[in-house]
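So this block is upload09.cif, mmCIF, C-alpha atoms and all ligand atoms:
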data_data
#
loop_
_atom_site.label_atom_id
_atom_site.label_comp_id
_atom_site.auth_asym_id
_atom_site.auth_seq_id
_atom_site.Cartn_x
_atom_site.Cartn_y
_atom_site.Cartn_z
CA MET J 1 -3.63 -33.49 46.61
CA ARG J 2 -7.28 -34.17 46.02
CA TYR J 3 -8.39 -37.29 44.22
CA ILE J 4 -10.89 -35.86 41.81
CA THR J 5 -11.70 -36.59 38.18
CA ASP J 6 -11.32 -34.03 35.39
CA ARG J 7 -15.05 -33.97 34.85
CA LYS J 8 -15.76 -33.32 38.51
CA ARG J 9 -13.23 -30.49 38.52
CA ALA J 10 -14.94 -28.85 35.55
CA VAL J 11 -18.48 -29.04 36.93
CA GLY J 12 -19.86 -25.65 37.92
CA LYS J 13 -17.12 -23.65 36.20
CA GLY J 14 -19.30 -22.83 33.20
CA SER J 15 -18.83 -23.93 29.63
CA ALA J 16 -16.28 -22.52 27.24
CA LYS J 17 -19.28 -21.30 25.21
CA THR J 18 -17.48 -21.61 21.91
CA GLY J 19 -15.14 -24.18 20.47
CA THR J 20 -13.26 -23.85 17.22
CA GLU J 21 -15.46 -21.13 15.68
CA HIS J 22 -12.88 -18.42 16.28
CA TYR J 23 -10.07 -20.42 14.75
CA TRP J 24 -12.22 -21.38 11.77
CA ALA J 25 -13.42 -17.80 11.18
CA MET J 26 -9.79 -16.58 11.20
CA HIS J 27 -8.81 -19.18 8.65
CA VAL J 28 -11.76 -18.62 6.33
CA SER J 29 -11.18 -14.85 6.33
CA ALA J 30 -7.40 -15.35 5.95
CA VAL J 31 -7.83 -17.43 2.78
CA ALA J 32 -10.40 -14.97 1.40
CA LEU J 33 -8.03 -12.06 2.09
CA ALA J 34 -5.07 -13.91 0.59
CA PHE J 35 -7.01 -14.02 -2.68
CA MET J 36 -8.40 -10.48 -2.58
CA VAL J 37 -5.68 -8.35 -1.02
CA PRO J 38 -3.06 -8.41 -3.84
CA THR J 39 -5.63 -7.16 -6.39
CA PHE J 40 -7.02 -4.69 -3.87
CA ILE J 41 -3.55 -3.25 -3.26
CA TYR J 42 -3.25 -2.69 -7.00
CA VAL J 43 -6.70 -1.05 -7.33
CA PHE J 44 -6.33 1.18 -4.28
CA GLY J 45 -2.70 2.05 -4.97
CA SER J 46 -3.52 3.06 -8.54
CA ALA J 47 -6.43 5.25 -7.41
CA LEU J 48 -4.43 6.98 -4.68
CA GLY J 49 -2.85 10.18 -5.95
CA GLY J 50 -5.49 10.75 -8.64
CA THR J 51 -7.84 13.72 -8.92
CA ARG J 52 -11.27 13.50 -7.28
CA ASP J 53 -12.92 12.80 -10.64
CA GLU J 54 -10.51 9.93 -11.31
CA VAL J 55 -11.13 8.50 -7.85
CA LEU J 56 -14.91 8.72 -8.32
CA ALA J 57 -14.61 7.10 -11.76
CA THR J 58 -12.59 4.19 -10.36
CA PHE J 59 -14.85 3.41 -7.43
CA SER J 60 -18.08 3.75 -9.39
CA ARG J 61 -17.01 0.84 -11.59
CA PRO J 62 -18.43 -2.50 -10.35
CA PHE J 63 -15.20 -4.45 -9.88
CA PRO J 64 -13.24 -1.93 -7.77
CA ALA J 65 -16.37 -1.06 -5.77
CA ILE J 66 -17.35 -4.66 -4.98
CA LEU J 67 -13.76 -5.69 -4.25
CA THR J 68 -13.24 -2.73 -1.90
CA GLY J 69 -16.52 -3.49 -0.11
CA LEU J 70 -15.59 -7.15 0.31
CA VAL J 71 -12.07 -6.39 1.53
CA LEU J 72 -13.43 -3.88 4.05
CA VAL J 73 -15.99 -6.28 5.51
CA VAL J 74 -13.77 -9.37 5.55
CA ALA J 75 -10.61 -7.58 6.73
CA MET J 76 -12.44 -5.79 9.55
CA ARG J 77 -14.11 -9.00 10.80
CA HIS J 78 -10.66 -10.67 10.60
CA PHE J 79 -9.06 -7.77 12.46
CA ALA J 80 -11.73 -7.67 15.19
CA LYS J 81 -11.21 -11.36 15.96
CA GLY J 82 -7.41 -11.17 15.63
CA ALA J 83 -7.12 -8.12 17.87
CA THR J 84 -9.34 -9.84 20.45
CA VAL J 85 -6.83 -12.68 20.76
CA MET J 86 -3.95 -10.27 21.15
CA ILE J 87 -5.78 -8.29 23.85
CA GLU J 88 -6.68 -11.51 25.69
CA ASP J 89 -2.99 -12.36 25.80
CA TYR J 90 -1.86 -9.12 27.42
CA ALA J 91 -4.74 -7.53 29.37
CA GLN J 92 -6.97 -8.72 32.19
CA GLY J 93 -10.34 -7.87 33.72
CA SER J 94 -12.16 -4.67 32.85
CA LEU J 95 -9.26 -3.34 30.79
CA ARG J 96 -9.41 -6.47 28.67
CA ARG J 97 -13.15 -6.19 28.12
CA GLY J 98 -12.88 -2.47 27.36
CA LEU J 99 -10.10 -2.93 24.82
CA ILE J 100 -11.95 -5.75 23.08
CA MET J 101 -15.08 -3.59 22.86
CA PHE J 102 -12.96 -0.80 21.44
CA ALA J 103 -11.37 -3.03 18.79
CA ILE J 104 -14.73 -4.45 17.70
CA SER J 105 -16.31 -0.98 17.60
CA LEU J 106 -13.40 0.47 15.64
CA SER J 107 -13.70 -2.31 13.07
CA TRP J 108 -17.42 -1.59 12.60
CA VAL J 109 -16.89 2.17 12.32
CA ILE J 110 -14.28 1.63 9.60
CA THR J 111 -16.57 -0.83 7.79
CA ALA J 112 -19.66 1.37 7.95
CA THR J 113 -17.78 4.51 6.89
CA GLY J 114 -16.18 2.76 3.91
CA LEU J 115 -19.44 1.17 2.77
CA TYR J 116 -21.25 4.51 3.06
CA ALA J 117 -18.56 6.19 0.94
CA LEU J 118 -18.73 3.41 -1.67
CA ALA J 119 -22.53 3.56 -1.82
CA ARG J 120 -22.50 7.32 -2.20
CA ILE J 121 -19.90 7.13 -4.98
CA ALA J 122 -21.72 4.28 -6.76
CA LEU J 123 -25.07 6.04 -6.66
CA GLY J 124 -23.55 9.20 -8.14
CA ASN J 125 -23.49 11.27 -4.94
CA MET X 126 -5.38 -36.99 37.45
CA ALA X 127 -3.29 -35.04 39.85
CA ASP X 128 -4.01 -31.54 41.06
CA ALA X 129 -0.32 -30.76 41.13
CA ASN X 130 1.03 -28.09 38.78
CA ARG X 131 -2.40 -26.72 38.03
CA VAL X 132 -1.17 -23.13 37.98
CA ASP X 133 2.43 -23.71 36.99
CA ARG X 134 1.60 -24.37 33.36
CA PRO X 135 3.25 -21.98 30.91
CA LEU X 136 0.99 -19.05 30.18
CA SER X 137 0.78 -17.69 26.66
CA PRO X 138 2.49 -15.52 25.45
CA HIS X 139 5.53 -16.02 27.72
CA LEU X 140 7.51 -13.58 25.56
CA THR X 141 10.41 -13.56 27.99
CA ILE X 142 11.56 -17.02 26.95
CA TYR X 143 12.63 -15.70 23.56
CA ARG X 144 15.95 -14.06 22.85
CA ILE X 145 14.98 -10.82 21.20
CA VAL X 146 18.11 -8.71 21.33
CA TRP X 147 20.94 -11.20 21.59
CA ARG X 148 20.90 -13.51 18.56
CA PRO X 149 17.16 -13.32 17.87
CA GLN X 150 15.41 -16.41 16.59
CA ILE X 151 13.83 -15.96 13.19
CA THR X 152 10.87 -18.17 14.11
CA SER X 153 9.69 -16.21 17.15
CA PHE X 154 10.55 -12.93 15.42
CA ALA X 155 8.41 -13.90 12.41
CA SER X 156 5.53 -14.74 14.71
CA MET X 157 5.73 -11.48 16.68
CA MET X 158 5.92 -9.46 13.49
CA HIS X 159 2.78 -11.17 12.22
CA ARG X 160 0.91 -10.03 15.31
CA ILE X 161 2.31 -6.49 15.19
CA THR X 162 1.62 -6.00 11.49
CA GLY X 163 -1.92 -7.41 11.73
CA ASN X 164 -2.82 -5.07 14.55
CA ALA X 165 -1.16 -2.01 12.97
CA LEU X 166 -3.01 -2.29 9.65
CA PRO X 167 -6.18 -0.48 10.79
CA VAL X 168 -4.12 2.75 10.72
CA ALA X 169 -3.94 2.51 6.92
CA PHE X 170 -7.61 1.49 6.74
CA ILE X 171 -8.63 4.58 8.74
CA LEU X 172 -6.64 6.88 6.48
CA GLY X 173 -7.90 5.13 3.32
CA VAL X 174 -11.54 5.15 4.36
CA TRP X 175 -11.38 8.80 5.38
CA TRP X 176 -9.89 9.61 1.97
CA LEU X 177 -12.66 7.64 0.20
CA LEU X 178 -15.39 9.27 2.29
CA ALA X 179 -13.96 12.71 1.49
CA ALA X 180 -14.00 11.88 -2.23
CA ALA X 181 -17.65 10.89 -1.90
CA ILE X 182 -18.63 14.05 -0.01
CA GLY X 183 -17.20 16.82 -2.19
CA PRO X 184 -14.24 18.78 -3.57
CA GLU X 185 -13.32 20.67 -0.37
CA ALA X 186 -13.41 17.58 1.81
CA PHE X 187 -11.37 15.70 -0.78
CA ALA X 188 -8.79 18.47 -1.02
CA THR X 189 -8.09 18.19 2.73
CA ALA X 190 -8.04 14.39 2.97
CA ASN X 191 -6.11 13.98 -0.26
CA TRP X 192 -3.54 16.49 0.94
CA VAL X 193 -2.98 14.45 4.11
CA ALA X 194 -3.08 11.07 2.32
CA THR X 195 -0.50 12.16 -0.26
CA SER X 196 1.70 14.21 2.11
CA TRP X 197 4.99 12.80 3.32
CA LEU X 198 3.17 11.52 6.39
CA GLY X 199 0.51 9.81 4.27
CA ASP X 200 3.20 8.33 2.04
CA LEU X 201 5.03 7.06 5.10
CA VAL X 202 1.87 5.47 6.55
CA PHE X 203 0.92 3.80 3.27
CA ALA X 204 4.48 2.66 2.50
CA PHE X 205 4.92 1.03 5.92
CA SER X 206 1.44 -0.44 5.72
CA LEU X 207 2.28 -1.90 2.33
CA LEU X 208 5.30 -3.61 3.84
CA ALA X 209 3.16 -4.67 6.80
CA ILE X 210 0.37 -6.14 4.69
CA TRP X 211 2.77 -8.06 2.42
CA TYR X 212 4.59 -9.35 5.46
CA HIS X 213 1.31 -10.32 7.15
CA PHE X 214 0.18 -11.94 3.90
CA PHE X 215 3.24 -14.22 3.72
CA ALA X 216 3.36 -14.92 7.44
CA GLY X 217 -0.38 -15.66 7.35
CA LEU X 218 0.10 -18.21 4.57
CA ARG X 219 2.92 -19.66 6.65
CA HIS X 220 0.49 -19.98 9.57
CA LEU X 221 -2.04 -21.79 7.40
CA TYR X 222 0.73 -24.13 6.22
CA PHE X 223 1.88 -24.79 9.80
CA ASP X 224 -1.68 -25.33 10.98
CA ALA X 225 -2.19 -27.93 8.27
CA GLY X 226 0.68 -29.80 9.94
CA HIS X 227 3.48 -29.01 7.51
CA GLY X 228 6.87 -27.33 7.73
CA LEU X 229 7.28 -27.74 11.46
CA ASP X 230 10.82 -29.12 11.49
CA LEU X 231 13.33 -26.50 12.58
CA ARG X 232 15.09 -26.01 9.26
CA THR X 233 11.89 -25.53 7.25
CA ALA X 234 10.35 -23.29 9.91
CA GLU X 235 13.42 -21.04 9.92
CA LEU X 236 13.51 -20.96 6.15
CA LEU X 237 9.83 -19.97 6.00
CA GLY X 238 10.52 -17.18 8.50
CA TRP X 239 13.23 -15.74 6.29
CA GLY X 240 10.97 -16.29 3.30
CA CYS X 241 8.36 -13.97 4.84
CA VAL X 242 10.91 -11.24 5.52
CA VAL X 243 12.52 -11.40 2.09
CA GLY X 244 9.22 -11.93 0.25
CA SER X 245 7.56 -8.92 1.84
CA VAL X 246 10.48 -6.61 1.07
CA VAL X 247 10.61 -7.80 -2.55
CA LEU X 248 6.86 -7.48 -3.11
CA THR X 249 6.76 -4.06 -1.44
CA ALA X 250 9.45 -2.86 -3.84
CA LEU X 251 7.62 -4.43 -6.80
CA THR X 252 4.32 -2.82 -5.78
CA LEU X 253 5.94 0.60 -5.44
CA ILE X 254 7.45 0.21 -8.91
CA ILE X 255 4.21 -0.94 -10.56
CA ILE X 256 1.87 1.57 -8.91
C1 LIG J 301 -3.45 -10.30 3.27
C2 LIG J 301 -4.14 -11.33 3.61
C3 LIG J 301 -4.16 -11.84 5.03
C4 LIG J 301 -3.83 -13.11 5.42
C5 LIG J 301 -3.37 -14.26 4.49
C6 LIG J 301 -3.96 -13.17 6.85
C7 LIG J 301 -3.74 -14.30 7.62
C8 LIG J 301 -3.87 -14.39 8.97
C9 LIG J 301 -3.86 -15.61 9.74
C10 LIG J 301 -3.71 -17.02 9.19
C11 LIG J 301 -4.01 -15.27 11.05
C12 LIG J 301 -4.08 -16.22 12.25
C13 LIG J 301 -2.74 -16.49 12.80
C14 LIG J 301 -2.81 -17.53 13.89
O1 LIG J 301 -3.33 -18.63 13.63
O2 LIG J 301 -2.31 -17.24 14.99
C15 LIG J 301 -4.10 -13.83 11.11
C16 LIG J 301 -4.17 -13.11 12.28
C17 LIG J 301 -4.41 -11.74 12.33
N1 LIG J 301 -4.66 -10.90 11.25
FE1 LIG J 301 -4.50 -11.43 9.30
N2 LIG J 301 -4.35 -11.95 7.33
C18 LIG J 301 -4.50 -11.10 6.25
C19 LIG J 301 -4.91 -9.78 6.29
C20 LIG J 301 -5.13 -9.05 7.45
C21 LIG J 301 -5.56 -7.67 7.50
C22 LIG J 301 -5.85 -6.80 6.29
C23 LIG J 301 -5.63 -7.32 8.83
C24 LIG J 301 -6.00 -6.02 9.52
C25 LIG J 301 -6.80 -5.12 9.06
C26 LIG J 301 -5.25 -8.47 9.62
C27 LIG J 301 -5.20 -8.53 10.99
C28 LIG J 301 -4.89 -9.64 11.74
C29 LIG J 301 -4.76 -9.66 13.18
C30 LIG J 301 -4.94 -8.47 14.10
C31 LIG J 301 -4.45 -10.98 13.54
C32 LIG J 301 -4.18 -11.52 14.95
C33 LIG J 301 -2.68 -11.60 15.16
C34 LIG J 301 -2.33 -12.28 16.45
O3 LIG J 301 -2.79 -11.85 17.50
O4 LIG J 301 -1.55 -13.24 16.42
N3 LIG J 301 -4.97 -9.51 8.74
N4 LIG J 301 -4.01 -13.32 9.84
#
Whole structure given in structure tokens:
Amino acid sequence: MRYITDRKRAVGKGSAKTGTEHYWAMHVSAVALAFMVPTFIYVFGSALGGTRDEVLATFSRPFPAILTGLVLVVAMRHFAKGATVMIEDYAQGSLRRGLIMFAISLSWVITATGLYALARIALGN
Amino acid sequence: MADANRVDRPLSPHLTIYRIVWRPQITSFASMMHRITGNALPVAFILGVWWLLAAAIGPEAFATANWVATSWLGDLVFAFSLLAIWYHFFAGLRHLYFDAGHGLDLRTAELLGWGCVVGSVVLTALTLIII
């Protein structure tokens, strides 16, 4: 056993870099999603199964378009951070870093694709 | 401060301490399901965004994507995702409640776990009826 203080043990190991930001971001996005998701389910579920013209009509209206855009951005940020925690629990080293990069990239691809589609629909193709 | 037991601390997520098959605990089950549902949801987002993009691009693209999205496979994906998102919704609210320091006695925690399971099934059925 070495007689050494906690501070001394921590010196040189690097800082944690971030504190409660991750936790806070998860909780802010969770509350936002809790408010938006029930309405979004209704909007999206009603549009699904319609003809192309009906779908275009729905998503060119301001409320469905803005709600869908918000849900996409907030849900994908929430997912990227949530998936990161899961990956950190089960994978180590390069695999861990690779999987986290994949999850973050996937979330951005989904966001960008959805926003592009919404913009194109809103601006009348 | 001793150096003893530096490495012997329990490491998250020590899944093996939970009984999963024999008399599963509702509390750990509820927690695992929250993680699984949260991480599975992008599947529905991918399908939904592809469908929306196809609608934006043109009739032929929409015909293909809409066929997949409304096929039995698409129905299956969206139906399970609906259950998943309602479950994750309730379990997420339960997390926020726990994190605010409430409901942590065993009885309440177990009740909340069952609440998530029952609530998600009921709301999934309701959604399917309304939509
Ligand atoms: C419907 C509204 C939603 C609510 C109320 C909600 C709530 C939460 C909360 C509170 C957490 C943190 C749990 C903790 O402290 O350990 C969380 C984690 C997570 N959420 Fe959500 N969420 C919602 C929607 C979504 C959506 C749409 C997605 C995916 C696209 C998602 C993916 C995740 C993931 C991957 C995690 C990490 C799970 C883990 O590793 O434990 N959530 N959610």
Residue nearest ligand LIG 301 (chain J) - candidates X:Arg219, X:Arg160, X:Arg232, X:His227, atoms counted: only C-alpha atoms and all ligand atoms
X:Arg160
As a quick test: using all atoms listed in the file, which residues lie no more than 6 Å away from ligand LIG 301 (chain J)? Give them as a list in words.
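Checked against 6 Å with all atoms listed in the file; the hits are Met26, His27, Ala30, Val31, Leu33, Ala34, Val37, Ala75, Met76, His78, Phe79, Gly82, Ala83, Val85 and Met86 of chain J; Arg160, Gly163, Asn164, Leu166, Pro167, Ile210, His213, Phe214, Gly217, Leu218, His220 and Leu221 of chain X.
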Pick from J:Gly12, J:Gly50, J:Gly124, J:Gly114: nearest to X:Trp175, with all atoms listed in the file counted?
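That would be J:Gly114, the residue with the smallest distance to X:Trp175.
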What's the 8 Å shell around stretch 147-151 of chain X, counting all atoms listed in the file, without same-chain residues fewer than 6 positions away, as a list in words?
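My reading of the contact set: Glu235, Gly238 and Trp239 of chain X.
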One number please: atom CA of J:Ile100 to atom CA of J:Arg77, in Å, one decimal.
12.9 Å
Identify all chain J residues at most 6 Å from chain X by counting all atoms listed in the file; ligands do not count. Present them as number ranges by chain.
J: 1, 46, 52, 114, 117, 121
For atom CA of X:Tyr222 and atom CA of X:Ser245, quote the distance in Å rounded to one decimal.
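Spanning atom CA of X:Tyr222 to atom CA of X:Ser245 is a straight-line distance of 17.2 Å.
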Mind giving me the straight-line distance from atom CA of J:Trp24 to atom CA of J:Glu88 in Å, one decimal?
17.9 Å
Which of these, J:Ile4, J:Met101, J:Ala65, J:Ala119, has the shortest distance to J:Ala47 once you count all atoms listed in the file?
J:Ala65
Counting all atoms listed in the file, which of X:Thr249, X:Thr162, X:Thr152, X:Thr141 gets nearest to X:Thr233?
X:Thr152
Is it possible to add N, CA and C atoms to stretch 152-177 of chain X and hand it back as a PDB file, keeping the file's coordinate frame?
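Result saved to result24.pdb:
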ATOM      1  N   THR X 152      12.224 -17.627  13.985  1.00  0.00           N
ATOM      2  CA  THR X 152      10.870 -18.170  14.110  1.00  0.00           C
ATOM      3  C   THR X 152       9.985 -17.350  15.037  1.00  0.00           C
ATOM      4  N   SER X 153      10.513 -17.001  16.240  1.00  0.00           N
ATOM      5  CA  SER X 153       9.690 -16.210  17.150  1.00  0.00           C
ATOM      6  C   SER X 153       9.554 -14.783  16.636  1.00  0.00           C
ATOM      7  N   PHE X 154      10.608 -14.282  16.002  1.00  0.00           N
ATOM      8  CA  PHE X 154      10.550 -12.930  15.420  1.00  0.00           C
ATOM      9  C   PHE X 154       9.456 -12.866  14.360  1.00  0.00           C
ATOM     10  N   ALA X 155       9.405 -13.875  13.481  1.00  0.00           N
ATOM     11  CA  ALA X 155       8.410 -13.900  12.410  1.00  0.00           C
ATOM     12  C   ALA X 155       7.001 -13.897  12.991  1.00  0.00           C
ATOM     13  N   SER X 156       6.830 -14.648  14.079  1.00  0.00           N
ATOM     14  CA  SER X 156       5.530 -14.740  14.710  1.00  0.00           C
ATOM     15  C   SER X 156       5.105 -13.419  15.336  1.00  0.00           C
ATOM     16  N   MET X 157       6.049 -12.772  16.044  1.00  0.00           N
ATOM     17  CA  MET X 157       5.730 -11.480  16.680  1.00  0.00           C
ATOM     18  C   MET X 157       5.399 -10.433  15.625  1.00  0.00           C
ATOM     19  N   MET X 158       6.168 -10.435  14.542  1.00  0.00           N
ATOM     20  CA  MET X 158       5.920  -9.460  13.490  1.00  0.00           C
ATOM     21  C   MET X 158       4.544  -9.667  12.861  1.00  0.00           C
ATOM     22  N   HIS X 159       4.105 -10.909  12.780  1.00  0.00           N
ATOM     23  CA  HIS X 159       2.780 -11.170  12.220  1.00  0.00           C
ATOM     24  C   HIS X 159       1.703 -10.523  13.086  1.00  0.00           C
ATOM     25  N   ARG X 160       1.863 -10.638  14.384  1.00  0.00           N
ATOM     26  CA  ARG X 160       0.910 -10.030  15.310  1.00  0.00           C
ATOM     27  C   ARG X 160       0.965  -8.501  15.219  1.00  0.00           C
ATOM     28  N   ILE X 161       2.171  -7.943  15.233  1.00  0.00           N
ATOM     29  CA  ILE X 161       2.310  -6.490  15.190  1.00  0.00           C
ATOM     30  C   ILE X 161       1.739  -5.916  13.889  1.00  0.00           C
ATOM     31  N   THR X 162       2.106  -6.531  12.759  1.00  0.00           N
ATOM     32  CA  THR X 162       1.620  -6.000  11.490  1.00  0.00           C
ATOM     33  C   THR X 162       0.094  -6.111  11.390  1.00  0.00           C
ATOM     34  N   GLY X 163      -0.468  -7.239  11.795  1.00  0.00           N
ATOM     35  CA  GLY X 163      -1.920  -7.410  11.730  1.00  0.00           C
ATOM     36  C   GLY X 163      -2.655  -6.355  12.520  1.00  0.00           C
ATOM     37  N   ASN X 164      -2.132  -6.036  13.701  1.00  0.00           N
ATOM     38  CA  ASN X 164      -2.820  -5.070  14.550  1.00  0.00           C
ATOM     39  C   ASN X 164      -2.536  -3.619  14.179  1.00  0.00           C
ATOM     40  N   ALA X 165      -1.485  -3.389  13.373  1.00  0.00           N
ATOM     41  CA  ALA X 165      -1.160  -2.010  12.970  1.00  0.00           C
ATOM     42  C   ALA X 165      -1.921  -1.613  11.701  1.00  0.00           C
ATOM     43  N   LEU X 166      -2.382  -2.590  10.947  1.00  0.00           N
ATOM     44  CA  LEU X 166      -3.010  -2.290   9.650  1.00  0.00           C
ATOM     45  C   LEU X 166      -4.239  -1.370   9.708  1.00  0.00           C
ATOM     46  N   PRO X 167      -5.049  -1.401  10.757  1.00  0.00           N
ATOM     47  CA  PRO X 167      -6.180  -0.480  10.790  1.00  0.00           C
ATOM     48  C   PRO X 167      -5.781   0.987  10.594  1.00  0.00           C
ATOM     49  N   VAL X 168      -4.558   1.365  10.932  1.00  0.00           N
ATOM     50  CA  VAL X 168      -4.120   2.750  10.720  1.00  0.00           C
ATOM     51  C   VAL X 168      -4.291   3.124   9.247  1.00  0.00           C
ATOM     52  N   ALA X 169      -3.816   2.253   8.357  1.00  0.00           N
ATOM     53  CA  ALA X 169      -3.940   2.510   6.920  1.00  0.00           C
ATOM     54  C   ALA X 169      -5.410   2.466   6.495  1.00  0.00           C
ATOM     55  N   PHE X 170      -6.186   1.563   7.095  1.00  0.00           N
ATOM     56  CA  PHE X 170      -7.610   1.490   6.740  1.00  0.00           C
ATOM     57  C   PHE X 170      -8.326   2.787   7.128  1.00  0.00           C
ATOM     58  N   ILE X 171      -7.989   3.333   8.303  1.00  0.00           N
ATOM     59  CA  ILE X 171      -8.630   4.580   8.740  1.00  0.00           C
ATOM     60  C   ILE X 171      -8.316   5.701   7.746  1.00  0.00           C
ATOM     61  N   LEU X 172      -7.043   5.830   7.407  1.00  0.00           N
ATOM     62  CA  LEU X 172      -6.640   6.880   6.480  1.00  0.00           C
ATOM     63  C   LEU X 172      -7.299   6.677   5.114  1.00  0.00           C
ATOM     64  N   GLY X 173      -7.318   5.444   4.633  1.00  0.00           N
ATOM     65  CA  GLY X 173      -7.900   5.130   3.320  1.00  0.00           C
ATOM     66  C   GLY X 173      -9.397   5.384   3.275  1.00  0.00           C
ATOM     67  N   VAL X 174     -10.089   4.986   4.332  1.00  0.00           N
ATOM     68  CA  VAL X 174     -11.540   5.150   4.360  1.00  0.00           C
ATOM     69  C   VAL X 174     -11.920   6.627   4.490  1.00  0.00           C
ATOM     70  N   TRP X 175     -11.146   7.356   5.257  1.00  0.00           N
ATOM     71  CA  TRP X 175     -11.380   8.800   5.380  1.00  0.00           C
ATOM     72  C   TRP X 175     -11.223   9.462   4.010  1.00  0.00           C
ATOM     73  N   TRP X 176     -10.175   9.083   3.309  1.00  0.00           N
ATOM     74  CA  TRP X 176      -9.890   9.610   1.970  1.00  0.00           C
ATOM     75  C   TRP X 176     -11.041   9.294   1.011  1.00  0.00           C
ATOM     76  N   LEU X 177     -11.553   8.067   1.082  1.00  0.00           N
ATOM     77  CA  LEU X 177     -12.660   7.640   0.200  1.00  0.00           C
ATOM     78  C   LEU X 177     -13.941   8.393   0.555  1.00  0.00           C
TER      79      LEU X 177
END
